[in-house]
file target22.cif (mmCIF, C-alpha atoms)
data_coords
loop_
_atom_site.label_atom_id
_atom_site.label_comp_id
_atom_site.auth_asym_id
_atom_site.auth_seq_id
_atom_site.Cartn_x
_atom_site.Cartn_y
_atom_site.Cartn_z
CA MET A 834 124.41 146.51 93.06
CA ARG A 835 124.03 145.77 96.74
CA PRO A 836 121.45 148.49 97.51
CA LEU A 837 119.34 147.21 94.62
CA ARG A 838 119.41 143.67 96.01
CA GLN A 839 118.45 144.98 99.45
CA LEU A 840 115.63 146.99 97.92
CA GLY A 841 114.46 143.92 96.08
CA ALA A 842 114.57 141.85 99.25
CA ILE A 843 112.20 144.18 101.12
CA VAL A 844 109.83 144.45 98.17
CA TRP A 845 109.85 140.67 97.81
CA LYS A 846 109.09 140.30 101.51
CA ASP A 847 106.05 142.52 101.08
CA ILE A 848 104.91 140.66 98.00
CA SER A 849 105.24 137.22 99.53
CA ALA A 850 103.48 138.35 102.72
CA GLU A 851 100.69 139.70 100.57
CA LEU A 852 100.53 136.56 98.45
CA ARG A 853 99.97 134.50 101.59
CA THR A 854 97.16 136.59 103.08
CA LYS A 855 95.88 138.50 100.04
CA GLU A 856 93.98 140.68 102.48
CA MET A 857 95.26 144.05 101.28
CA PHE A 858 94.87 143.23 97.65
CA SER A 859 91.41 141.72 97.93
CA SER A 860 90.04 144.56 100.03
CA MET A 861 91.45 147.16 97.65
CA PHE A 862 90.10 145.40 94.61
CA VAL A 863 86.64 144.83 96.03
CA PHE A 864 86.62 148.46 97.14
CA VAL A 865 87.41 149.74 93.65
CA PHE A 866 84.70 147.56 92.19
CA LEU A 867 82.18 148.73 94.78
CA ALA A 868 83.13 152.35 94.14
CA ILE A 869 82.28 151.90 90.47
CA VAL A 870 78.94 150.35 91.34
CA VAL A 871 78.10 153.02 93.93
CA PHE A 872 79.01 155.86 91.56
CA ASN A 873 76.91 154.24 88.90
CA PHE A 874 73.82 154.56 91.07
CA ALA A 875 74.80 157.88 92.66
CA PHE A 876 75.19 159.63 89.31
CA GLU A 877 72.76 157.50 87.28
CA LEU A 878 75.39 157.43 84.59
CA ARG A 879 74.01 157.85 81.12
CA VAL A 880 75.89 157.70 77.87
CA ASP A 881 75.98 161.45 77.36
CA ASN A 882 77.53 162.40 80.68
CA VAL A 883 79.67 159.40 81.55
CA ARG A 884 82.66 160.88 79.73
CA GLN A 885 82.53 163.99 81.87
CA VAL A 886 82.44 162.26 85.23
CA ALA A 887 84.55 159.18 84.41
CA PRO A 888 87.98 160.75 85.19
CA GLY A 889 86.69 161.89 88.58
CA ILE A 890 85.19 158.50 89.40
CA LEU A 891 88.35 156.73 88.30
CA TRP A 892 90.63 158.81 90.52
CA VAL A 893 88.33 158.88 93.51
CA ALA A 894 88.16 155.09 93.36
CA PHE A 895 91.93 154.79 92.93
CA SER A 896 92.82 157.19 95.71
CA PHE A 897 90.39 155.73 98.23
CA ALA A 898 91.57 152.22 97.44
CA GLY A 899 95.12 153.52 97.71
CA VAL A 900 94.45 154.77 101.22
CA LEU A 901 93.17 151.31 102.18
CA GLY A 902 96.38 149.73 100.93
CA LEU A 903 98.68 152.37 102.45
CA ASN A 904 97.02 151.91 105.82
CA ARG A 905 97.79 148.21 105.84
CA SER A 906 101.32 148.77 104.62
CA PHE A 907 102.80 149.83 107.96
CA ILE A 908 100.20 148.35 110.29
CA LEU A 909 101.42 144.91 109.25
CA GLU A 910 104.98 145.97 110.05
CA LYS A 911 104.04 147.55 113.35
CA ASP A 912 101.81 144.85 114.80
CA ARG A 913 104.44 142.14 115.06
CA GLY A 914 107.37 144.48 115.64
CA CYS A 915 108.62 143.82 112.13
CA LEU A 916 109.41 147.49 111.61
CA GLU A 917 112.01 147.39 114.39
CA GLY A 918 113.56 144.37 112.72
CA LEU A 919 113.60 146.13 109.41
CA LEU A 920 115.21 149.23 110.92
CA LEU A 921 117.78 147.16 112.81
CA SER A 922 118.87 145.34 109.68
CA PRO A 923 122.11 146.69 108.20
CA LEU A 924 120.70 148.83 105.43
CA ASP A 925 120.12 152.47 104.71
CA ARG A 926 116.89 153.92 106.12
CA SER A 927 116.08 155.60 102.84
CA LEU A 928 116.18 152.18 101.20
CA VAL A 929 113.40 151.09 103.50
CA TYR A 930 111.39 154.10 102.36
CA PHE A 931 111.93 153.46 98.67
CA ALA A 932 111.20 149.76 99.08
CA LYS A 933 107.91 150.53 100.81
CA VAL A 934 107.03 153.07 98.12
CA LEU A 935 107.80 150.47 95.50
CA SER A 936 105.66 147.77 97.05
CA ASN A 937 102.78 150.18 97.71
CA LEU A 938 103.05 151.41 94.14
CA LEU A 939 103.07 147.83 92.92
CA PHE A 940 99.95 146.83 94.86
CA MET A 941 98.08 149.93 93.71
CA LEU A 942 99.13 149.41 90.10
CA VAL A 943 97.98 145.80 90.09
CA VAL A 944 94.60 146.81 91.47
CA GLU A 945 94.35 149.62 88.93
CA ALA A 946 95.37 147.34 86.09
CA LEU A 947 92.53 145.02 87.03
CA ALA A 948 90.07 147.86 87.57
CA LEU A 949 90.66 149.60 84.24
CA PRO A 950 89.18 146.76 82.10
CA ILE A 951 86.16 146.74 84.39
CA PHE A 952 85.78 150.49 83.96
CA THR A 953 86.17 150.05 80.23
CA ALA A 954 83.43 147.45 80.11
CA LEU A 955 80.96 149.07 82.51
CA PHE A 956 81.31 152.63 81.23
CA ASN A 957 81.99 151.75 77.62
CA LEU A 958 85.00 154.07 77.46
CA PRO A 959 88.37 153.47 75.77
CA LEU A 960 90.47 153.36 78.93
CA LEU A 961 92.94 150.65 77.97
CA ARG A 962 95.59 152.82 76.37
CA LEU A 963 99.30 153.20 76.78
CA ASP A 964 99.22 156.98 77.35
CA LEU A 965 96.57 156.61 80.00
CA GLY A 966 98.73 153.95 81.60
CA LEU A 967 101.53 156.50 81.89
CA VAL A 968 99.19 158.99 83.58
CA VAL A 969 97.98 156.32 86.00
CA LEU A 970 101.57 155.34 86.76
CA LEU A 971 102.69 158.92 87.46
CA GLY A 972 99.58 159.77 89.48
CA THR A 973 99.92 156.63 91.57
CA LEU A 974 103.63 157.26 92.10
CA GLY A 975 102.97 160.70 93.61
CA PHE A 976 100.20 159.26 95.74
CA ALA A 977 102.31 156.36 97.01
CA GLY A 978 105.34 158.60 97.54
CA VAL A 979 103.72 160.89 100.08
CA GLY A 980 101.31 158.21 101.24
CA THR A 981 104.09 155.90 102.37
CA LEU A 982 105.64 158.66 104.47
CA PHE A 983 102.34 159.44 106.19
CA SER A 984 101.50 155.76 106.55
CA ALA A 985 104.68 155.28 108.56
CA MET A 986 103.57 158.22 110.69
CA VAL A 987 99.96 157.28 111.41
CA VAL A 988 100.71 153.75 112.66
CA ASN A 989 102.10 155.44 115.75
CA THR A 990 98.99 157.51 116.37
CA ARG A 991 95.80 156.76 118.18
CA ALA A 992 93.47 157.31 115.24
CA ARG A 993 95.51 155.24 112.75
CA GLU A 994 93.24 154.44 109.77
CA VAL A 995 91.12 157.54 110.27
CA LEU A 996 94.02 159.94 110.21
CA LEU A 997 95.72 158.87 106.98
CA PRO A 998 93.16 160.27 104.52
CA VAL A 999 92.91 163.46 106.57
CA LEU A 1000 96.66 163.99 106.30
CA LEU A 1001 97.07 162.73 102.77
CA PHE A 1002 94.24 164.14 100.67
CA PRO A 1003 94.85 167.87 101.11
CA ILE A 1004 98.55 167.38 100.35
CA VAL A 1005 98.07 165.28 97.21
CA THR A 1006 95.46 167.63 95.74
CA PRO A 1007 97.82 168.75 92.94
CA VAL A 1008 98.39 165.12 91.92
CA LEU A 1009 94.67 164.49 91.79
CA ILE A 1010 94.05 167.68 89.82
CA ALA A 1011 96.73 166.90 87.27
CA SER A 1012 95.75 163.22 86.94
CA VAL A 1013 92.05 163.98 86.52
CA LYS A 1014 92.86 166.72 84.03
CA LEU A 1015 95.13 164.45 81.97
CA THR A 1016 92.67 161.55 82.07
CA GLY A 1017 89.83 163.82 80.98
CA GLY A 1018 91.94 165.28 78.19
CA LEU A 1019 92.86 161.84 76.90
CA LEU A 1020 89.21 160.79 76.93
CA ASP A 1021 88.36 163.93 74.97
CA GLY A 1022 90.84 162.87 72.31
CA GLU A 1023 93.70 165.22 73.14
CA SER A 1024 97.24 163.91 72.94
CA LEU A 1025 99.67 163.84 75.84
CA SER A 1026 102.03 166.23 74.09
CA ALA A 1027 99.25 168.82 73.81
CA MET A 1028 98.88 168.67 77.60
CA GLY A 1029 102.61 168.77 78.27
CA HIS A 1030 102.36 171.32 81.08
CA TRP A 1031 100.08 169.03 83.06
CA LEU A 1032 102.38 166.08 82.51
CA ARG A 1033 105.34 168.19 83.65
CA LEU A 1034 103.43 169.34 86.73
CA LEU A 1035 102.63 165.74 87.60
CA GLY A 1036 106.24 164.70 87.03
CA ALA A 1037 107.55 167.66 89.04
CA PHE A 1038 105.19 166.90 91.89
CA ASP A 1039 106.30 163.27 91.94
CA ALA A 1040 109.95 164.32 92.02
CA ILE A 1041 109.53 167.00 94.69
CA PHE A 1042 107.48 164.83 96.99
CA LEU A 1043 109.63 161.75 96.62
CA ALA A 1044 112.62 163.95 97.46
CA VAL A 1045 110.99 165.64 100.47
CA SER A 1046 109.62 162.32 101.76
CA TYR A 1047 112.99 160.66 101.27
CA MET A 1048 114.68 163.42 103.27
CA THR A 1049 112.17 163.34 106.12
CA PHE A 1050 111.52 159.59 106.35
CA ASP A 1051 114.50 159.12 108.67
CA TYR A 1052 112.91 161.43 111.21
CA VAL A 1053 109.63 159.53 111.08
CA VAL A 1054 110.99 156.06 111.79
CA GLU A 1055 113.81 156.89 114.20
CA GLU A 1056 113.31 155.49 117.68
CA MET M 405 109.87 185.45 132.78
CA LYS M 406 112.51 187.04 130.61
CA GLY M 407 111.25 189.70 128.23
CA GLU M 408 107.88 189.81 129.93
CA ARG M 409 107.83 193.60 129.96
CA TRP M 410 108.54 193.79 126.24
CA LEU M 411 105.65 191.46 125.60
CA TRP M 412 103.26 193.84 127.31
CA VAL M 413 104.70 196.81 125.45
CA LEU M 414 104.14 194.90 122.22
CA THR M 415 100.62 193.94 123.25
CA VAL M 416 99.65 197.57 123.91
CA LEU M 417 101.36 198.59 120.68
CA SER M 418 99.39 196.10 118.61
CA LEU M 419 96.16 197.19 120.29
CA LEU M 420 96.89 200.79 119.27
CA LEU M 421 97.93 199.72 115.79
CA MET M 422 94.76 197.68 115.32
CA LEU M 423 92.63 200.62 116.44
CA GLY M 424 94.58 202.72 113.96
CA ALA M 425 93.96 200.09 111.29
CA VAL M 426 90.22 200.23 111.91
CA PHE M 427 90.34 204.02 111.62
CA MET M 428 92.44 203.91 108.47
CA ALA M 429 90.25 201.29 106.82
CA LEU M 430 86.86 202.74 107.69
CA VAL M 431 87.45 206.49 107.84
CA GLN M 432 90.74 207.47 106.30
CA ALA M 433 90.62 205.40 103.11
CA PRO M 434 88.48 206.93 100.36
CA PRO M 435 85.59 204.87 98.98
CA ALA M 436 86.38 202.84 95.91
CA ALA M 437 85.60 204.68 92.68
CA ASN M 438 85.05 201.77 90.36
CA VAL M 439 82.20 199.92 92.07
CA ARG M 440 78.57 200.06 91.06
CA THR M 441 76.44 199.74 94.17
CA GLU M 442 76.37 201.19 97.65
CA THR M 443 76.87 197.74 99.21
CA GLU M 444 79.95 197.08 97.14
CA ARG M 445 81.40 200.41 98.18
CA TYR M 446 81.21 199.26 101.78
CA THR M 447 82.26 195.67 101.28
CA GLN M 448 85.26 196.79 99.25
CA ARG M 449 86.82 197.98 102.50
CA ILE M 450 87.20 194.36 103.46
CA ILE M 451 90.52 194.28 101.62
CA TYR M 452 92.10 196.23 104.48
CA PHE M 453 91.52 193.21 106.70
CA HIS M 454 91.17 190.39 104.23
CA VAL M 455 94.49 190.74 102.42
CA PRO M 456 96.58 191.39 105.59
CA SER M 457 94.97 188.30 107.17
CA ALA M 458 95.93 186.25 104.14
CA TRP M 459 99.47 187.59 104.34
CA VAL M 460 99.69 186.73 108.04
CA GLY M 461 98.36 183.23 107.36
CA PHE M 462 101.04 182.68 104.74
CA LEU M 463 103.74 184.17 106.97
CA ALA M 464 102.63 182.00 109.89
CA PHE M 465 102.84 178.79 107.87
CA PHE M 466 106.21 179.82 106.51
CA VAL M 467 107.42 180.39 110.07
CA THR M 468 106.10 176.92 110.94
CA MET M 469 108.06 175.41 108.09
CA VAL M 470 111.27 177.13 109.19
CA ALA M 471 110.69 176.20 112.83
CA SER M 472 109.98 172.59 111.81
CA VAL M 473 113.30 172.37 109.98
CA GLY M 474 114.88 174.00 113.03
CA TYR M 475 113.39 171.39 115.31
CA LEU M 476 114.54 168.45 113.20
CA VAL M 477 118.07 169.86 113.11
CA ARG M 478 118.44 171.12 116.67
CA ARG M 479 115.91 169.00 118.62
CA GLU M 480 115.08 171.81 121.02
CA ARG M 481 111.59 172.16 122.40
CA ALA M 482 111.49 175.90 121.62
CA TRP M 483 111.47 175.30 117.85
CA ASP M 484 108.55 172.92 118.14
CA VAL M 485 106.63 175.32 120.36
CA VAL M 486 107.08 178.09 117.79
CA ALA M 487 105.92 175.76 114.99
CA LEU M 488 102.80 174.73 116.88
CA SER M 489 101.97 178.27 117.99
CA SER M 490 102.44 179.67 114.52
CA VAL M 491 100.08 177.08 113.03
CA GLU M 492 97.38 177.96 115.55
CA VAL M 493 97.69 181.68 114.83
CA GLY M 494 97.85 181.00 111.10
CA VAL M 495 94.74 178.82 111.11
CA ALA M 496 92.83 181.55 112.97
CA PHE M 497 93.84 184.16 110.40
CA THR M 498 93.15 181.82 107.45
CA THR M 499 89.68 181.22 108.89
CA ALA M 500 89.22 184.98 108.93
CA VAL M 501 90.38 185.11 105.31
CA LEU M 502 87.82 182.52 104.22
CA VAL M 503 84.98 184.16 106.13
CA THR M 504 85.68 187.77 105.08
CA GLY M 505 86.35 186.64 101.53
CA SER M 506 83.00 184.87 101.35
CA ILE M 507 81.21 187.95 102.65
CA TRP M 508 82.87 190.10 100.01
CA ALA M 509 82.28 187.53 97.27
CA LYS M 510 78.57 187.45 98.02
CA THR M 511 78.27 191.13 97.13
CA ALA M 512 80.85 191.27 94.36
CA TRP M 513 80.34 187.93 92.59
CA ASN M 514 76.87 187.20 93.94
CA THR M 515 78.06 183.88 95.34
CA TRP M 516 79.67 182.87 98.63
CA TRP M 517 82.18 180.65 96.99
CA THR M 518 83.74 179.93 93.63
CA TRP M 519 86.56 177.53 92.84
CA ASP M 520 88.96 180.28 91.91
CA PRO M 521 92.67 179.42 92.34
CA ARG M 522 93.21 181.66 95.31
CA LEU M 523 90.06 180.54 97.06
CA THR M 524 90.80 176.88 96.49
CA THR M 525 94.40 177.22 97.59
CA SER M 526 93.37 179.02 100.78
CA ALA M 527 90.78 176.37 101.54
CA ILE M 528 93.24 173.52 100.98
CA THR M 529 95.92 175.26 103.02
CA TRP M 530 93.40 175.68 105.81
CA VAL M 531 92.56 171.95 105.69
CA ILE M 532 96.26 170.99 105.65
CA TYR M 533 96.92 172.86 108.87
CA LEU M 534 93.75 171.57 110.51
CA ALA M 535 95.13 168.12 109.70
CA TYR M 536 98.43 169.24 111.26
CA LEU M 537 96.63 170.04 114.50
CA MET M 538 94.73 166.73 114.37
CA LEU M 539 98.00 164.88 113.88
CA ARG M 540 99.45 166.57 116.96
CA GLY M 541 96.40 165.59 118.95
CA ALA M 542 96.64 161.95 117.91
CA VAL M 543 100.24 161.21 118.97
CA GLU M 544 100.85 160.32 122.59
CA ASP M 545 104.61 160.57 122.98
CA PRO M 546 105.57 164.30 123.05
CA GLU M 547 108.91 163.78 121.33
CA GLN M 548 107.27 161.74 118.57
CA GLU M 549 104.53 164.34 118.26
CA ALA M 550 107.12 167.06 117.66
CA ARG M 551 108.95 164.98 115.06
CA PHE M 552 105.82 164.00 113.10
CA ALA M 553 104.43 167.51 113.25
CA SER M 554 107.72 168.90 111.93
CA VAL M 555 107.68 166.49 109.00
CA TYR M 556 104.08 167.37 108.22
CA GLY M 557 104.80 171.08 108.57
CA ILE M 558 107.56 170.80 105.98
CA VAL M 559 105.65 168.60 103.51
CA GLY M 560 102.50 170.70 103.90
CA PHE M 561 104.25 173.94 103.06
CA THR M 562 105.83 172.34 100.00
CA SER M 563 102.43 171.33 98.69
CA VAL M 564 100.85 174.79 98.89
CA PRO M 565 102.65 176.50 95.96
CA ILE M 566 102.20 173.46 93.69
CA THR M 567 98.51 173.40 94.50
CA PHE M 568 98.23 177.06 93.57
CA MET M 569 100.00 176.45 90.29
CA ALA M 570 97.83 173.42 89.50
CA ILE M 571 94.57 175.18 90.12
CA ARG M 572 95.61 178.29 88.25
CA TRP M 573 96.38 176.23 85.17
CA TRP M 574 93.15 174.36 85.53
CA ARG M 575 91.13 177.51 85.74
CA THR M 576 92.96 179.20 82.90
CA ILE M 577 91.32 176.59 80.72
CA HIS M 578 87.95 177.23 82.34
CA PRO M 579 87.90 180.98 82.93
CA VAL M 580 86.30 182.27 86.11
CA LEU M 581 86.18 185.59 87.89
CA PHE M 582 89.50 186.73 89.19
CA ASP M 583 90.10 188.78 92.26
CA THR M 584 91.45 192.09 91.01
CA SER M 585 90.59 194.21 94.05
CA GLY M 586 94.23 194.41 95.10
CA ALA M 587 95.22 196.20 91.91
CA GLY M 588 94.85 199.88 91.22
CA LEU M 589 94.65 201.33 94.69
CA SER M 590 94.78 205.11 94.85
CA PRO M 591 97.62 206.58 96.97
CA ASN M 592 95.24 207.24 99.86
CA MET M 593 93.96 203.70 99.79
CA LEU M 594 97.44 202.32 99.42
CA SER M 595 98.71 204.07 102.56
CA ALA M 596 95.74 202.73 104.55
CA PHE M 597 96.34 199.30 103.08
CA LEU M 598 100.03 199.28 103.94
CA PHE M 599 99.27 200.53 107.44
CA CYS M 600 96.87 197.62 107.95
CA LEU M 601 99.42 195.20 106.56
CA GLY M 602 101.98 196.43 109.09
CA ALA M 603 99.48 196.39 111.95
CA PHE M 604 98.45 192.82 111.22
CA THR M 605 102.06 191.71 111.04
CA VAL M 606 102.76 193.21 114.47
CA LEU M 607 99.57 191.59 115.75
CA TYR M 608 100.81 188.24 114.45
CA GLY M 609 104.10 188.68 116.29
CA THR M 610 102.30 189.53 119.51
CA LEU M 611 99.89 186.61 119.29
CA LEU M 612 102.73 184.24 118.47
CA TRP M 613 104.73 185.43 121.45
CA HIS M 614 101.72 185.05 123.77
CA ARG M 615 101.00 181.56 122.46
CA VAL M 616 104.64 180.49 122.84
CA ARG M 617 104.69 181.90 126.38
CA LEU M 618 101.48 180.00 127.17
CA GLU M 619 103.00 176.74 126.00
CA PHE M 620 106.09 177.25 128.16
CA LEU M 621 103.90 178.06 131.15
CA ALA M 622 101.98 174.85 130.49
CA ASP M 623 105.32 173.01 130.47
CA GLU M 624 106.14 174.52 133.85
CA VAL M 625 102.77 173.46 135.23
CA ARG M 626 103.35 169.93 133.99
CA ALA M 627 106.78 169.85 135.57
CA LEU M 628 105.44 171.13 138.89
CA ARG M 629 102.64 168.57 138.84
CA ARG M 630 105.13 165.82 138.31
CA GLN M 631 107.18 167.08 141.25
CA LEU M 632 104.12 167.11 143.48
CA ASN M 633 102.97 163.74 142.16
CA LEU M 634 99.56 165.03 141.23
#
call {"tool": "encode", "arguments": {"input": "target22.cif", "output": "structure tokens"}}
result
Amino acid sequence: MRPLRQLGAIVWKDISAELRTKEMFSSMFVFVFLAIVVFNFAFELRVDNVRQVAPGILWVAFSFAGVLGLNRSFILEKDRGCLEGLLLSPLDRSLVYFAKVLSNLLFMLVVEALALPIFTALFNLPLLRLDLGLVVLLGTLGFAGVGTLFSAMVVNTRAREVLLPVLLFPIVTPVLIASVKLTGGLLDGESLSAMGHWLRLLGAFDAIFLAVSYMTFDYVVEE
Amino acid sequence: MKGERWLWVLTVLSLLLMLGAVFMALVQAPPAANVRTETERYTQRIIYFHVPSAWVGFLAFFVTMVASVGYLVRRERAWDVVALSSVEVGVAFTTAVLVTGSIWAKTAWNTWWTWDPRLTTSAITWVIYLAYLMLRGAVEDPEQEARFASVYGIVGFTSVPITFMAIRWWRTIHPVLFDTSGAGLSPNMLSAFLFCLGAFTVLYGTLLWHRVRLEFLADEVRALRRQLNL
């Protein structure tokens, strides 16, 4: 049980830091909302085509907001030398990785959970469903899994915020494809079981990338 | 430098092989029988360069992945130099793939680009390794640069096959034109094709060796500068 408690401690540290400043959460949320508004004008969404573009809009908004959050995730640690403290503490390095994935996942999910009702209202689409929730969870998990690894990398670079999307987006393309495909299918009235191969691809991607990131995280944070 | 003479032998050899490849592709190989127009008959010959370039790109990124693992395990500069050099060569060949492919597609499909699985995968692979080079440029500490680049080289190569799978499924639902030019080559064409494939592979080896040598020379220059306090 000890690793679980340690994991919980790091996640709780992230949550309480976020609760005090609320800067990551508020910027992500406002960004998602703005993305919806901007897309609304960019596409001049009408009732007949909103269903076709909605999955794309949803995932573009989620992934861009996710990048905002992931960027902050390690910058906060780096700026005050907290990362060194975290690495010096007597716990497994991979625990640090999983804890950061968990807190990033959590922040993204909260933002998404708040954004989905807004989407539902503004686009008049049935987005508040359990099966869609599963898709959002799996898509976000893949995104946060690789994103956390790269986030730990880019805080040490000169370009920082600029570099993360450049590194992340080409790699997570399969997650985006599968998530958009599943979301679109659900909106068209298909069931998850009918799109099992997409769900498996998404699950497989999550597993592979969590595993690869877990194995390489040590090399990223070692000093 | 050790092996210098072999490098020049290899360089001359790949020059001859590439000249041979041009001859094989343009003169030796018979024109394709199943195409409709004159233009297509000419552009079809692009496969003798296009497909070998794609193969070299894939090989180069695979070599990078192996060298990246090698670096993380052994922590020797040579592995990292090979990884970096292979990416640069691979990006050059992948660029060639995208350009020659677009030229062929314009005549065969009447469009420069379509979101076919292979096209999309090549484009994304190309972007991944451009990002790899950007990452290397953005890290100041050389040891850190090598570590980060190795991690990215490994993760990037893992993503490529999944991306291919994802897009192929996607496009099976929305059918598009598929590239079938590789299938059904006559024996004459096949020999020319295989010759080009071999020639390009040797060319890759030569370029890689030159690039690795260049990096080591640059290391020497840096070391000398430090000695002279320049």
call {"tool": "residues_around", "arguments": {"input": "target22.cif", "residues": "Ser590 (chain M)", "least_positions_apart": "2", "cutoff": "10 Å", "atoms": "all atoms listed in the file", "output": "tab-separated table (two decimals) with C-alpha atoms, keeping the file's coordinate frame"}}
result
chain	number	residue	atom	x	y	z
M	433	ALA	CA	90.62	205.40	103.11
M	434	PRO	CA	88.48	206.93	100.36
M	436	ALA	CA	86.38	202.84	95.91
M	437	ALA	CA	85.60	204.68	92.68
M	587	ALA	CA	95.22	196.20	91.91
M	588	GLY	CA	94.85	199.88	91.22
M	592	ASN	CA	95.24	207.24	99.86
M	593	MET	CA	93.96	203.70	99.79
M	594	LEU	CA	97.44	202.32	99.42
M	595	SER	CA	98.71	204.07	102.56
call {"tool": "atom_distance", "arguments": {"input": "target22.cif", "atom1": "CA of Leu1035 (chain A)", "atom2": "CA of Ser906 (chain A)"}}
result
24.1 Å
call {"tool": "atom_distance", "arguments": {"input": "target22.cif", "atom1": "CA of Leu840 (chain A)", "atom2": "CA of Val929 (chain A)"}}
result
7.3 Å
call {"tool": "atom_distance", "arguments": {"input": "target22.cif", "atom1": "CA of Ile1004 (chain A)", "atom2": "CA of Leu523 (chain M)"}}
result
16.0 Å
call {"tool": "closest_atom_pairs", "arguments": {"input": "target22.cif", "of": "chain A", "to": "chain M", "cutoff": "6 Å", "atoms": "all atoms listed in the file", "output": "tab-separated table"}}
result
residue	atom	partner	partner_atom	distance
A:Thr990	CA	M:Val543	CA	4.7
A:Arg991	CA	M:Ala542	CA	5.3
A:Leu1000	CA	M:Ala535	CA	5.6
A:Pro1003	CA	M:Ile532	CA	5.7
A:Ile1004	CA	M:Ser563	CA	5.8
A:Pro1007	CA	M:Thr567	CA	5.0
call {"tool": "resolve_selection", "arguments": {"input": "target22.cif", "expression": "the PyMOL selection byres ((chain A and resi 1033) around 12)", "output": "PyMOL selection string"}}
result
(chain A and resi 968+971-972+1007-1008+1011-1012+1015+1025-1032+1034-1041) or (chain M and resi 566+569-570)
call {"tool": "resolve_selection", "arguments": {"input": "target22.cif", "expression": "the PyMOL selection byres ((chain A and resi 937-942) around 7)", "output": "MDAnalysis selection string"}}
result
chainID A and resid 858 899 903 933:936 943:946 973:974 977
call {"tool": "resolve_selection", "arguments": {"input": "target22.cif", "expression": "the PyMOL selection byres ((chain M and resi 407-423) around 10)", "output": "PyMOL selection string"}}
result
chain M and resi 405-406+424-429+599-600+602-611+613-614+617
call {"tool": "closest_residue", "arguments": {"input": "target22.cif", "among": "A:Tyr1047, A:Gly1022, A:Leu997, A:Asn989", "to": "Asp912 (chain A)", "atoms": "only C-alpha atoms"}}
result
A:Asn989
call {"tool": "closest_residue", "arguments": {"input": "target22.cif", "among": "M:Val616, M:Leu621, M:Ala500, M:Ala596", "to": "Trp483 (chain M)", "atoms": "all atoms listed in the file"}}
result
M:Val616
call {"tool": "residues_around", "arguments": {"input": "target22.cif", "residues": "Phe466 (chain M)", "least_positions_apart": "2", "cutoff": "10 Å", "atoms": "all atoms listed in the file", "output": "mmCIF file with C-alpha atoms, in the coordinates of the input"}}
result
data_model
loop_
_atom_site.group_PDB
_atom_site.id
_atom_site.type_symbol
_atom_site.label_atom_id
_atom_site.label_comp_id
_atom_site.auth_asym_id
_atom_site.auth_seq_id
_atom_site.Cartn_x
_atom_site.Cartn_y
_atom_site.Cartn_z
ATOM 1 C CA VAL M 460 99.690 186.730 108.040
ATOM 2 C CA GLY M 461 98.360 183.230 107.360
ATOM 3 C CA PHE M 462 101.040 182.680 104.740
ATOM 4 C CA LEU M 463 103.740 184.170 106.970
ATOM 5 C CA ALA M 464 102.630 182.000 109.890
ATOM 6 C CA THR M 468 106.100 176.920 110.940
ATOM 7 C CA MET M 469 108.060 175.410 108.090
ATOM 8 C CA VAL M 470 111.270 177.130 109.190
ATOM 9 C CA ALA M 471 110.690 176.200 112.830
ATOM 10 C CA SER M 472 109.980 172.590 111.810
ATOM 11 C CA ALA M 487 105.920 175.760 114.990
ATOM 12 C CA SER M 490 102.440 179.670 114.520
ATOM 13 C CA VAL M 491 100.080 177.080 113.030
ATOM 14 C CA GLY M 494 97.850 181.000 111.100
ATOM 15 C CA GLY M 557 104.800 171.080 108.570
ATOM 16 C CA ILE M 558 107.560 170.800 105.980
ATOM 17 C CA PHE M 561 104.250 173.940 103.060
ATOM 18 C CA THR M 562 105.830 172.340 100.000
#
call {"tool": "decode", "arguments": {"input": "target22.cif", "residues": "region 899-913 of chain A", "atoms": "C-alpha atoms", "output": "CSV table (one decimal), in the first residue's frame"}}
result
chain,number,residue,atom,x,y,z
A,899,GLY,CA,-4.5,19.9,-22.6
A,900,VAL,CA,-1.2,21.4,-24.0
A,901,LEU,CA,-1.8,24.5,-21.9
A,902,GLY,CA,-2.2,22.4,-18.7
A,903,LEU,CA,0.7,20.1,-19.5
A,904,ASN,CA,3.0,23.0,-20.1
A,905,ARG,CA,2.3,24.4,-16.6
A,906,SER,CA,2.6,21.0,-15.0
A,907,PHE,CA,6.4,20.9,-15.0
A,908,ILE,CA,7.1,24.6,-15.2
A,909,LEU,CA,5.7,25.0,-11.7
A,910,GLU,CA,8.0,22.2,-10.5
A,911,LYS,CA,11.0,23.6,-12.3
A,912,ASP,CA,10.7,27.2,-11.4
A,913,ARG,CA,11.2,26.8,-7.6
